[in-house]
Amino acid sequence: MGTDIIAKYFPDLSGRQKEQFDAIGMLYPEWNEKINVISRRDIDNLYVHHILHSLSIAKFLQPKAGTEFMDLGTGGGFPGIPLAILWPECRFHLIDRIAKKIKVASEISSAIGLDNVTFQHGDSGECHRKFDFIVSRAVMRLDDLVRITRRNVSSDCRNMHPNGLICLKGGDIEVASRGIQLPVVTFPVSEFFPEEEFFSSKELIYVPYKSVKR
């Protein structure tokens with residue numbers, strides 16, 4: 001399967017992007033043998049379960065050049081690294097509390113020549129920068145994620161979608177959204193990748209924090 005599954009849904013990849021997606025398909029299994037960042041039972045599903053899943057954000061958002069993202073709880077680099085490959089003119093700051101996971105993400109990023117990614121060992125409370133969007137993959141409860149990340153979102157909006165949180169989750173979204181005093185917009189990931197059964201219960205969640213200034 002490999003890069004073919006990415007090209008199926010993103011047919012306009014450049015030659016360099018194809019090479020980078022090919023490379024991470026080899027690098028993640030190698031690193032996973034040393035430092036477990038992906039379940040060893042799941043590493044054979046890397047391209048669909050992790051890379052393509054991360055890229056579902058790109059089916060929702062088409063950011064302008066210069067857009068800045070925080071990837072909170074990135075683990076081994078998801079969704080940040082696949083998105084950084086797809087959007088080389090945007091900037092990504094990947095954060096995780098586990099140093100060895102940040103090491104894997106940093107080493108893989110360096111190996112494929114990404115120059116639009118930075119890394120931080122810690123949590124969002126230790127990051128004092130502002131971003132257009134926070135992205136995340138099921139790192140914690142949605143209400144907690146909203147609470148801790150709002151201060152990291154810039155009030156200056158440059159994209160069609162207002163600045164805010166974009167996260168990938170499964171489970172009962174209605175329950176997870178209770179108590180959040182902001183709009184919570186959900187999209188079935190299966191609509192983006194209709195032929196992939198894995199996404200039948202996956203949701204993309206968008207929570208706008210800021211209004212677009214006209």
# chains A, B, ... in the order shown; residues from 1 in each chain; ligands from 1

$ residues_around --residues "A:Glu107" --least-positions-apart "4" --cutoff "12 Å" --atoms "only C-alpha atoms" --output "VMD selection string"
chain A and resid 24 27 to 28 30 to 31 35 76 to 77 81 100 to 103 111 to 114 117 to 119

$ closest_atom_pairs --of "stretch 78-180 of chain A" --to "stretch 67-72 of chain A" --cutoff "9 Å" --atoms "only C-alpha atoms" --output "CSV"
residue,atom,partner,partner_atom,distance
A:Phe78,CA,A:Asp71,CA,7.7
A:Pro79,CA,A:Asp71,CA,7.0
A:Gly80,CA,A:Asp71,CA,5.7
A:Glu89,CA,A:Thr67,CA,7.9
A:Cys90,CA,A:Thr67,CA,5.0
A:Arg91,CA,A:Glu68,CA,4.7
A:Phe92,CA,A:Phe69,CA,4.8
A:His93,CA,A:Met70,CA,4.8
A:Leu94,CA,A:Asp71,CA,4.7
A:Ile95,CA,A:Leu72,CA,5.1
A:Asp96,CA,A:Leu72,CA,6.5
A:Asp123,CA,A:Leu72,CA,7.6
A:Ser124,CA,A:Leu72,CA,7.1
A:Lys130,CA,A:Glu68,CA,8.3
A:Phe131,CA,A:Glu68,CA,5.2
A:Asp132,CA,A:Glu68,CA,5.3
A:Phe133,CA,A:Phe69,CA,5.0
A:Ile134,CA,A:Met70,CA,4.8
A:Val135,CA,A:Asp71,CA,4.9
A:Ser136,CA,A:Leu72,CA,5.5
A:Arg137,CA,A:Leu72,CA,8.2
A:Val139,CA,A:Leu72,CA,7.7
A:Thr149,CA,A:Leu72,CA,8.8
A:Asn152,CA,A:Met70,CA,8.5
A:Arg158,CA,A:Thr67,CA,7.6
A:Asn159,CA,A:Thr67,CA,8.0

$ closest_residue --among "A:Leu46, A:Val37, A:Met160, A:Leu61" --to "A:Val104" --atoms "only C-alpha atoms"
A:Val37

$ residues_around --residues "A:Ser56" --least-positions-apart "6" --cutoff "12 Å" --atoms "only C-alpha atoms" --output "NGL selection string"
:A and (6 or 9-10 or 48-50 or 62 or 78-80 or 82-83 or 86 or 135-137 or 166-169 or 187-194 or 199 or 202-205)

$ atom_distance --atom1 "atom CA of A:Ile57" --atom2 "atom CA of A:Tyr206"
9.7 Å

$ atom_distance --atom1 "atom CA of A:Ser54" --atom2 "atom CA of A:Ala138"
11.3 Å

$ select_by_dssp --residues "stretch 6-173 of chain A" --states "strand (DSSP E or B)" --output "PyMOL selection string"
chain A and resi 68-72+91-96+117-121+131+133-137+153+164-170

$ select_by_dssp --residues "stretch 16-200 of chain A" --states "helix (DSSP H, G or I)" --output "VMD selection string"
chain A and resid 16 to 34 43 to 55 57 to 60 80 to 86 99 to 111 124 to 126 142 to 152 173 to 177 189 to 191 197 to 200

$ closest_residue --among "A:Asn163, A:Gln20, A:Gln181, A:Asn116" --to "A:Asp143" --atoms "only C-alpha atoms"
A:Gln181

$ atom_distance --atom1 "atom CA of A:Met140" --atom2 "atom CA of A:His128"
20.3 Å

$ residues_around --residues "A:Asn45" --least-positions-apart "5" --cutoff "12 Å" --atoms "only C-alpha atoms" --output "VMD selection string"
chain A and resid 1 to 2 5 25 28 to 29 38 to 40 50 to 53 196 198

$ write_last_selection --atoms "N, CA and C atoms" --output "PDB file, in the first residue's frame"
ATOM      1  N   MET A   1       0.853  -1.197   0.000  1.00  0.00           N
ATOM      2  CA  MET A   1       0.000   0.000   0.000  1.00  0.00           C
ATOM      3  C   MET A   1       0.885   1.242   0.000  1.00  0.00           C
ATOM      4  N   GLY A   2       1.511   1.563   1.089  1.00  0.00           N
ATOM      5  CA  GLY A   2       2.484   2.641   1.137  1.00  0.00           C
ATOM      6  C   GLY A   2       1.964   3.970   0.631  1.00  0.00           C
ATOM      7  N   ILE A   5      -1.597   4.883  -1.192  1.00  0.00           N
ATOM      8  CA  ILE A   5      -2.833   5.238  -0.506  1.00  0.00           C
ATOM      9  C   ILE A   5      -2.890   6.742  -0.247  1.00  0.00           C
ATOM     10  N   GLY A  25       7.626   5.903   5.865  1.00  0.00           N
ATOM     11  CA  GLY A  25       7.124   4.536   5.922  1.00  0.00           C
ATOM     12  C   GLY A  25       8.200   3.531   6.281  1.00  0.00           C
ATOM     13  N   TYR A  28       9.662   4.971  10.443  1.00  0.00           N
ATOM     14  CA  TYR A  28       8.868   4.690  11.648  1.00  0.00           C
ATOM     15  C   TYR A  28       9.025   3.252  12.143  1.00  0.00           C
ATOM     16  N   PRO A  29       8.942   2.240  11.282  1.00  0.00           N
ATOM     17  CA  PRO A  29       9.163   0.883  11.785  1.00  0.00           C
ATOM     18  C   PRO A  29      10.557   0.692  12.380  1.00  0.00           C
ATOM     19  N   ILE A  38       4.382   3.743  18.358  1.00  0.00           N
ATOM     20  CA  ILE A  38       3.161   3.215  17.734  1.00  0.00           C
ATOM     21  C   ILE A  38       3.012   1.784  18.219  1.00  0.00           C
ATOM     22  N   SER A  39       1.799   1.369  18.549  1.00  0.00           N
ATOM     23  CA  SER A  39       1.587  -0.007  18.967  1.00  0.00           C
ATOM     24  C   SER A  39       2.224  -0.961  17.966  1.00  0.00           C
ATOM     25  N   ARG A  40       2.999  -1.912  18.456  1.00  0.00           N
ATOM     26  CA  ARG A  40       3.690  -2.840  17.554  1.00  0.00           C
ATOM     27  C   ARG A  40       2.692  -3.694  16.781  1.00  0.00           C
ATOM     28  N   HIS A  50      -2.335   6.029  10.718  1.00  0.00           N
ATOM     29  CA  HIS A  50      -1.594   7.143  11.306  1.00  0.00           C
ATOM     30  C   HIS A  50      -1.319   8.275  10.306  1.00  0.00           C
ATOM     31  N   ILE A  51      -0.768   7.944   9.143  1.00  0.00           N
ATOM     32  CA  ILE A  51      -0.431   9.000   8.183  1.00  0.00           C
ATOM     33  C   ILE A  51      -1.695   9.542   7.520  1.00  0.00           C
ATOM     34  N   LEU A  52      -2.494   8.673   6.913  1.00  0.00           N
ATOM     35  CA  LEU A  52      -3.716   9.145   6.252  1.00  0.00           C
ATOM     36  C   LEU A  52      -4.687   9.758   7.256  1.00  0.00           C
ATOM     37  N   HIS A  53      -4.788   9.155   8.444  1.00  0.00           N
ATOM     38  CA  HIS A  53      -5.652   9.725   9.482  1.00  0.00           C
ATOM     39  C   HIS A  53      -5.228  11.156   9.803  1.00  0.00           C
ATOM     40  N   GLU A 196     -12.089   3.481   2.965  1.00  0.00           N
ATOM     41  CA  GLU A 196     -11.249   2.936   4.038  1.00  0.00           C
ATOM     42  C   GLU A 196     -12.115   2.646   5.264  1.00  0.00           C
ATOM     43  N   PHE A 198     -11.474   1.630   8.166  1.00  0.00           N
ATOM     44  CA  PHE A 198     -10.919   2.053   9.450  1.00  0.00           C
ATOM     45  C   PHE A 198     -11.566   3.339   9.967  1.00  0.00           C
TER      46      PHE A 198
END
